[in-house]
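Raw contents of query12.txt, compact mmCIF, C-alpha atoms:
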```
# COMPACT_ATOMS: atom_id res chain seq x y z
CA MET A 1 -57.22 -39.72 20.19
CA PRO A 2 -54.73 -38.74 17.48
CA LYS A 3 -55.81 -36.62 14.51
CA GLN A 4 -55.11 -37.91 11.01
CA THR A 5 -55.07 -35.55 8.04
CA PHE A 6 -54.96 -36.41 4.34
CA VAL A 7 -56.59 -35.30 1.10
CA LEU A 8 -59.69 -37.26 0.11
CA ASN A 9 -61.18 -36.76 -3.34
CA GLY A 10 -59.61 -33.31 -3.59
CA LYS A 11 -60.47 -32.05 -0.10
CA SER A 12 -58.26 -31.98 2.97
CA ILE A 13 -59.89 -33.87 5.82
CA THR A 14 -58.96 -34.54 9.42
CA VAL A 15 -60.34 -37.41 11.48
CA ASP A 16 -59.88 -38.44 15.09
CA VAL A 17 -58.74 -42.06 14.89
CA HIS A 18 -55.90 -44.25 16.12
CA ASP A 19 -52.86 -44.63 13.85
CA ASP A 20 -53.31 -48.38 13.37
CA VAL A 21 -56.84 -48.23 11.92
CA ARG A 22 -56.85 -49.24 8.25
CA VAL A 23 -57.69 -46.55 5.70
CA LEU A 24 -60.63 -48.64 4.43
CA TRP A 25 -62.38 -48.41 7.81
CA VAL A 26 -61.72 -44.68 8.02
CA LEU A 27 -63.24 -44.21 4.57
CA ARG A 28 -66.26 -46.44 5.07
CA ASP A 29 -67.07 -46.19 8.78
CA LEU A 30 -65.95 -42.69 9.73
CA LEU A 31 -66.34 -40.76 6.48
CA GLY A 32 -69.22 -42.63 4.83
CA VAL A 33 -67.29 -43.22 1.59
CA THR A 34 -68.60 -46.62 0.57
CA GLY A 35 -67.26 -47.03 -2.99
CA PRO A 36 -64.21 -48.99 -1.80
CA LYS A 37 -65.68 -52.34 -0.82
CA TYR A 38 -64.64 -54.69 1.96
CA GLY A 39 -63.94 -58.10 0.50
CA CYS A 40 -61.12 -59.74 2.38
CA GLY A 41 -59.29 -57.21 4.55
CA ILE A 42 -55.91 -58.76 3.71
CA ASN A 43 -55.00 -57.19 0.34
CA VAL A 44 -56.00 -60.20 -1.74
CA CYS A 45 -59.34 -59.53 -3.47
CA LYS A 46 -58.67 -55.85 -4.29
CA ALA A 47 -62.34 -54.87 -3.95
CA CYS A 48 -61.23 -51.78 -2.04
CA THR A 49 -58.73 -50.57 -4.66
CA SER A 50 -58.44 -46.79 -4.63
CA HIS A 51 -55.62 -44.40 -5.54
CA ILE A 52 -53.02 -42.78 -3.37
CA ASN A 53 -51.14 -40.03 -5.16
CA GLY A 54 -52.45 -41.39 -8.46
CA ARG A 55 -51.37 -45.00 -7.97
CA ALA A 56 -53.49 -48.01 -7.05
CA PHE A 57 -53.45 -49.16 -3.43
CA SER A 58 -55.54 -51.35 -1.16
CA PRO A 59 -56.91 -49.25 1.71
CA CYS A 60 -57.56 -52.44 3.71
CA SER A 61 -53.80 -52.93 4.06
CA VAL A 62 -52.64 -49.37 4.85
CA ARG A 63 -52.72 -47.84 8.31
CA VAL A 64 -54.20 -44.34 8.38
CA GLY A 65 -51.23 -43.28 10.50
CA ASP A 66 -48.97 -44.00 7.52
CA LEU A 67 -50.66 -41.31 5.43
CA ARG A 68 -49.10 -37.86 5.22
CA PRO A 69 -51.21 -34.69 5.25
CA ASP A 70 -50.42 -34.11 1.56
CA ASP A 71 -51.22 -37.68 0.46
CA GLU A 72 -54.10 -37.64 -2.02
CA VAL A 73 -56.53 -40.53 -1.70
CA THR A 74 -59.00 -40.88 -4.57
CA THR A 75 -61.91 -43.28 -4.42
CA ILE A 76 -64.41 -44.16 -7.13
CA GLU A 77 -66.57 -41.30 -5.83
CA GLY A 78 -63.83 -38.78 -6.67
CA LEU A 79 -62.68 -40.31 -9.97
CA PRO A 80 -64.97 -38.24 -12.26
CA ASP A 81 -63.64 -35.03 -10.67
CA THR A 82 -60.14 -35.92 -11.89
CA VAL A 83 -61.36 -35.27 -15.45
CA GLY A 84 -64.08 -32.70 -14.70
CA GLU A 85 -66.90 -34.89 -16.01
CA ASP A 86 -69.95 -36.72 -14.63
CA LEU A 87 -68.22 -40.03 -15.43
CA HIS A 88 -64.57 -40.83 -15.95
CA PRO A 89 -63.83 -42.33 -19.41
CA MET A 90 -63.11 -45.69 -17.76
CA GLN A 91 -66.50 -45.60 -16.04
CA ARG A 92 -68.16 -44.81 -19.39
CA ALA A 93 -66.35 -47.79 -20.95
CA TRP A 94 -67.69 -50.00 -18.13
CA VAL A 95 -71.23 -48.89 -18.94
CA ASP A 96 -70.74 -49.22 -22.70
CA ARG A 97 -69.40 -52.78 -22.32
CA ASP A 98 -72.08 -53.75 -19.78
CA VAL A 99 -69.38 -55.08 -17.47
CA ALA A 100 -71.15 -55.20 -14.14
CA GLN A 101 -73.29 -58.09 -13.00
CA CYS A 102 -73.51 -57.90 -9.22
CA GLY A 103 -71.30 -54.79 -9.30
CA TYR A 104 -69.59 -55.37 -5.95
CA CYS A 105 -66.02 -55.46 -7.28
CA GLN A 106 -66.50 -52.86 -10.01
CA PRO A 107 -65.25 -49.74 -8.15
CA GLY A 108 -61.98 -51.52 -7.37
CA GLN A 109 -61.75 -52.91 -10.91
CA ILE A 110 -62.20 -49.44 -12.42
CA MET A 111 -59.68 -47.84 -10.07
CA ALA A 112 -57.12 -50.55 -10.89
CA ALA A 113 -57.74 -50.05 -14.62
CA VAL A 114 -57.27 -46.27 -14.44
CA ALA A 115 -54.04 -46.71 -12.46
CA LEU A 116 -52.80 -49.21 -15.05
CA VAL A 117 -53.48 -46.86 -17.96
CA ARG A 118 -51.68 -44.04 -16.16
CA LYS A 119 -48.73 -46.32 -15.40
CA VAL A 120 -48.23 -47.50 -18.98
CA ARG A 121 -48.62 -43.95 -20.27
CA ARG A 122 -45.84 -42.79 -17.92
CA GLU A 123 -43.77 -45.58 -19.42
CA GLY A 124 -44.63 -44.37 -22.93
CA ARG A 125 -46.46 -47.48 -24.09
CA ALA A 126 -49.88 -49.06 -24.48
CA ILE A 127 -51.47 -51.77 -22.34
CA THR A 128 -50.43 -55.31 -23.26
CA GLU A 129 -52.12 -58.64 -22.58
CA SER A 130 -49.45 -59.20 -19.93
CA ASP A 131 -50.49 -55.96 -18.20
CA LEU A 132 -54.11 -57.10 -18.19
CA ASP A 133 -53.05 -60.48 -16.81
CA GLY A 134 -51.30 -58.63 -13.98
CA ILE A 135 -54.50 -57.07 -12.65
CA ARG A 136 -55.30 -59.10 -9.55
CA ASN A 137 -58.76 -57.78 -8.72
CA ILE A 138 -61.18 -60.64 -8.18
CA CYS A 139 -64.57 -60.67 -9.93
CA ARG A 140 -66.73 -63.38 -8.44
CA CYS A 141 -69.18 -63.10 -11.36
CA GLY A 142 -66.40 -63.84 -13.84
CA THR A 143 -66.87 -60.88 -16.19
CA TYR A 144 -63.15 -60.80 -17.00
CA THR A 145 -63.62 -60.73 -20.78
CA ARG A 146 -65.84 -57.64 -20.59
CA ILE A 147 -63.49 -56.09 -18.02
CA ARG A 148 -60.58 -56.47 -20.43
CA GLU A 149 -62.65 -55.00 -23.30
CA ALA A 150 -63.67 -52.04 -21.13
CA ILE A 151 -60.07 -51.39 -20.08
CA ARG A 152 -59.01 -51.28 -23.73
CA GLN A 153 -61.87 -48.91 -24.57
CA GLY A 154 -61.18 -46.76 -21.53
CA GLU A 155 -57.50 -46.56 -22.45
CA ARG A 156 -58.45 -45.18 -25.89
CA GLN A 157 -60.77 -42.60 -24.33
CA MET A 158 -58.48 -41.41 -21.55
```
Could you render the structure from this file as structure tokens?
Amino acid sequence: MPKQTFVLNGKSITVDVHDDVRVLWVLRDLLGVTGPKYGCGINVCKACTSHINGRAFSPCSVRVGDLRPDDEVTTIEGLPDTVGEDLHPMQRAWVDRDVAQCGYCQPGQIMAAVALVRKVRREGRAITESDLDGIRNICRCGTYTRIREAIRQGERQM
């Protein structure tokens, strides 16, 4: 079986798995990283949103064979380490705003929010309502108002 190497939450890892296996299954089933959730498997719900090289991606739609050894995959488990804290500022905002109900989609929501803040900062601007409208992560509990409030708070704290 082929070996696949990439960086996961700051550590280089190698797994024995076929090239066509989706990154989500490698994370969850082989590595025991369960923060990215399985919702649809077709890049629609975004429950699995994580980061690759600092940008949001859906591990359910990326083949592990497409990753390079220097690609950095960050999941919700590794997010606090990116700021050297127990919780990332966006996670703190989620707690402060009492966003979660069932909580299933929240790791993906938070990862999408952090990627959005980083994107607009690279562009030298602040998040707009249009940017928030562009987040496509599905929350079946409908906490979108609190999600938007938490993103705004997290943006200020990042």
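Atom to atom, CA of Asn137 in chain A and CA of Asp96 in chain A stand 20.3 Å apart.
Note that the spacing between CA of Val15 in chain A and CA of Glu72 in chain A amounts to 14.9 Å.
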Would you mind listing what lies within 12 Å of Leu31 in chain A as an mmCIF file with C-alpha atoms, in the frame of the given file, with all atoms listed in the file counted and same-chain residues fewer than 3 positions away left out?
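New file out_37.cif:
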```cif
data_model
loop_
_atom_site.group_PDB
_atom_site.id
_atom_site.type_symbol
_atom_site.label_atom_id
_atom_site.label_comp_id
_atom_site.auth_asym_id
_atom_site.auth_seq_id
_atom_site.Cartn_x
_atom_site.Cartn_y
_atom_site.Cartn_z
ATOM 1 C CA LEU A 8 -59.690 -37.260 0.110
ATOM 2 C CA ASN A 9 -61.180 -36.760 -3.340
ATOM 3 C CA ILE A 13 -59.890 -33.870 5.820
ATOM 4 C CA THR A 14 -58.960 -34.540 9.420
ATOM 5 C CA VAL A 15 -60.340 -37.410 11.480
ATOM 6 C CA ASP A 16 -59.880 -38.440 15.090
ATOM 7 C CA VAL A 17 -58.740 -42.060 14.890
ATOM 8 C CA VAL A 23 -57.690 -46.550 5.700
ATOM 9 C CA LEU A 24 -60.630 -48.640 4.430
ATOM 10 C CA TRP A 25 -62.380 -48.410 7.810
ATOM 11 C CA VAL A 26 -61.720 -44.680 8.020
ATOM 12 C CA LEU A 27 -63.240 -44.210 4.570
ATOM 13 C CA ARG A 28 -66.260 -46.440 5.070
ATOM 14 C CA THR A 34 -68.600 -46.620 0.570
ATOM 15 C CA GLY A 35 -67.260 -47.030 -2.990
ATOM 16 C CA PRO A 36 -64.210 -48.990 -1.800
#
```
Requested in this report: Do a neighbour search on Thr75 in chain A at 6 Å with only C-alpha atoms, toss out local chain neighbours closer than 2 positions, and write the hits as a PyMOL selection string.
Outcome: chain A and resi 50+77-78
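The space between CA of Asp29 in chain A and CA of Phe57 in chain A spans 18.5 Å.
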**Report entry** Spatial neighbours of range 97-113 of chain A, max dist 8 Å, all atoms listed in the file, sep filter under 5 positions, as JSON, numbers by chain
**Finding:** {"A": [35, 36, 37, 46, 47, 48, 49, 50, 51, 56, 75, 76, 90, 91, 135, 137, 138, 139, 141, 143, 146, 147, 149, 150, 151]}
As a PDB file with C-alpha atoms, keeping the file's coordinate frame, please: the residues near Asp66 in chain A (cut-off 12 Å, all atoms listed in the file, same-chain neighbours under 6 positions excluded).
```pdb
ATOM      1  CA  GLN A   4     -55.110 -37.910  11.010  1.00  0.00           C
ATOM      2  CA  THR A   5     -55.070 -35.550   8.040  1.00  0.00           C
ATOM      3  CA  PHE A   6     -54.960 -36.410   4.340  1.00  0.00           C
ATOM      4  CA  HIS A  18     -55.900 -44.250  16.120  1.00  0.00           C
ATOM      5  CA  ASP A  19     -52.860 -44.630  13.850  1.00  0.00           C
ATOM      6  CA  ASP A  20     -53.310 -48.380  13.370  1.00  0.00           C
ATOM      7  CA  VAL A  21     -56.840 -48.230  11.920  1.00  0.00           C
ATOM      8  CA  ARG A  22     -56.850 -49.240   8.250  1.00  0.00           C
ATOM      9  CA  VAL A  23     -57.690 -46.550   5.700  1.00  0.00           C
ATOM     10  CA  ILE A  52     -53.020 -42.780  -3.370  1.00  0.00           C
ATOM     11  CA  PRO A  59     -56.910 -49.250   1.710  1.00  0.00           C
TER      12      PRO A  59
END
```
Can you tell me, as a JSON list (two decimals) with C-alpha atoms, in the coordinates of the input, what residues are no more than 10 Å from Thr128 in chain A when counting all atoms listed in the file, ignoring any on the same chain fewer than 6 positions away?
```
[["chain", "number", "residue", "atom", "x", "y", "z"],
["A", 120, "VAL", "CA", -48.23, -47.50, -18.98],
["A", 134, "GLY", "CA", -51.30, -58.63, -13.98],
["A", 152, "ARG", "CA", -59.01, -51.28, -23.73]]
```
Report task. Pick out the closest residue to Leu87 in chain A from this set: A:Gly154, A:Gly124, A:Pro2, A:Gly39. Count all atoms listed in the file. Result -> A:Gly154
Could you give me the axis-aligned bounding box of range 58-75 of chain A, with 5 Å of padding per side, as centre plus edge lengths in Å to one decimal, as AutoDock Vina command-line options?
```
--center_x -55.4 --center_y -43.5 --center_z 3.0 --size_x 22.9 --size_y 28.8 --size_z 25.1
```
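Between Leu67 in chain A and the candidates A:Arg125, A:Gly32, A:Gly142, A:Asn53, the tightest atom-to-atom separation, counting all atoms listed in the file, involves A:Asn53.
Checking A:Pro80, A:Gly41, A:Lys11, A:Thr74 one by one against Val62 in chain A, counting all atoms listed in the file, you find the shortest gap at A:Gly41.
Of the residues listed (A:Val7, A:Val117, A:Ile42, A:Val95), A:Val7 shows the shortest atom-to-atom separation from Arg68 in chain A; distances use only C-alpha atoms.
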**Report entry** Top pick for closest residue to Leu116 in chain A, considering A:Leu30, A:Cys40, A:Met158, A:Ala93 and counting only C-alpha atoms
**Finding:** A:Met158
Some atoms are absent from range 123-136 of chain A, so rebuild N, CA, C and O atoms and return them as a tab-separated table (two decimals), keeping the file's coordinate frame.
```
chain	number	residue	atom	x	y	z
A	123	GLU	N	-44.83	-44.78	-18.82
A	123	GLU	CA	-43.77	-45.58	-19.42
A	123	GLU	C	-43.71	-45.41	-20.93
A	123	GLU	O	-42.84	-46.00	-21.59
A	124	GLY	N	-44.64	-44.65	-21.51
A	124	GLY	CA	-44.63	-44.37	-22.93
A	124	GLY	C	-45.06	-45.54	-23.80
A	124	GLY	O	-44.55	-45.72	-24.91
A	125	ARG	N	-46.01	-46.32	-23.32
A	125	ARG	CA	-46.46	-47.48	-24.09
A	125	ARG	C	-47.95	-47.71	-23.88
A	125	ARG	O	-48.59	-47.00	-23.13
A	126	ALA	N	-48.47	-48.69	-24.60
A	126	ALA	CA	-49.88	-49.06	-24.48
A	126	ALA	C	-50.00	-50.32	-23.61
A	126	ALA	O	-49.02	-51.04	-23.38
A	127	ILE	N	-51.20	-50.58	-23.16
A	127	ILE	CA	-51.47	-51.77	-22.34
A	127	ILE	C	-51.29	-53.03	-23.19
A	127	ILE	O	-51.73	-53.09	-24.33
A	128	THR	N	-50.64	-54.01	-22.60
A	128	THR	CA	-50.43	-55.31	-23.26
A	128	THR	C	-51.31	-56.36	-22.58
A	128	THR	O	-51.86	-56.13	-21.50
A	129	GLU	N	-51.40	-57.52	-23.21
A	129	GLU	CA	-52.12	-58.64	-22.58
A	129	GLU	C	-51.47	-59.00	-21.25
A	129	GLU	O	-52.16	-59.33	-20.29
A	130	SER	N	-50.16	-58.91	-21.18
A	130	SER	CA	-49.45	-59.20	-19.93
A	130	SER	C	-49.86	-58.22	-18.84
A	130	SER	O	-50.01	-58.61	-17.67
A	131	ASP	N	-50.03	-56.95	-19.19
A	131	ASP	CA	-50.49	-55.96	-18.20
A	131	ASP	C	-51.88	-56.34	-17.68
A	131	ASP	O	-52.13	-56.27	-16.48
A	132	LEU	N	-52.76	-56.72	-18.59
A	132	LEU	CA	-54.11	-57.10	-18.19
A	132	LEU	C	-54.08	-58.35	-17.31
A	132	LEU	O	-54.84	-58.45	-16.33
A	133	ASP	N	-53.19	-59.28	-17.63
A	133	ASP	CA	-53.05	-60.48	-16.81
A	133	ASP	C	-52.56	-60.14	-15.40
A	133	ASP	O	-52.81	-60.88	-14.45
A	134	GLY	N	-51.86	-59.02	-15.27
A	134	GLY	CA	-51.30	-58.63	-13.98
A	134	GLY	C	-52.30	-57.99	-13.03
A	134	GLY	O	-52.01	-57.80	-11.85
A	135	ILE	N	-53.47	-57.63	-13.53
A	135	ILE	CA	-54.50	-57.07	-12.65
A	135	ILE	C	-55.02	-58.20	-11.78
A	135	ILE	O	-55.47	-59.23	-12.27
A	136	ARG	N	-54.96	-58.03	-10.48
A	136	ARG	CA	-55.30	-59.10	-9.55
A	136	ARG	C	-56.63	-58.92	-8.85
A	136	ARG	O	-56.95	-59.62	-7.90
```
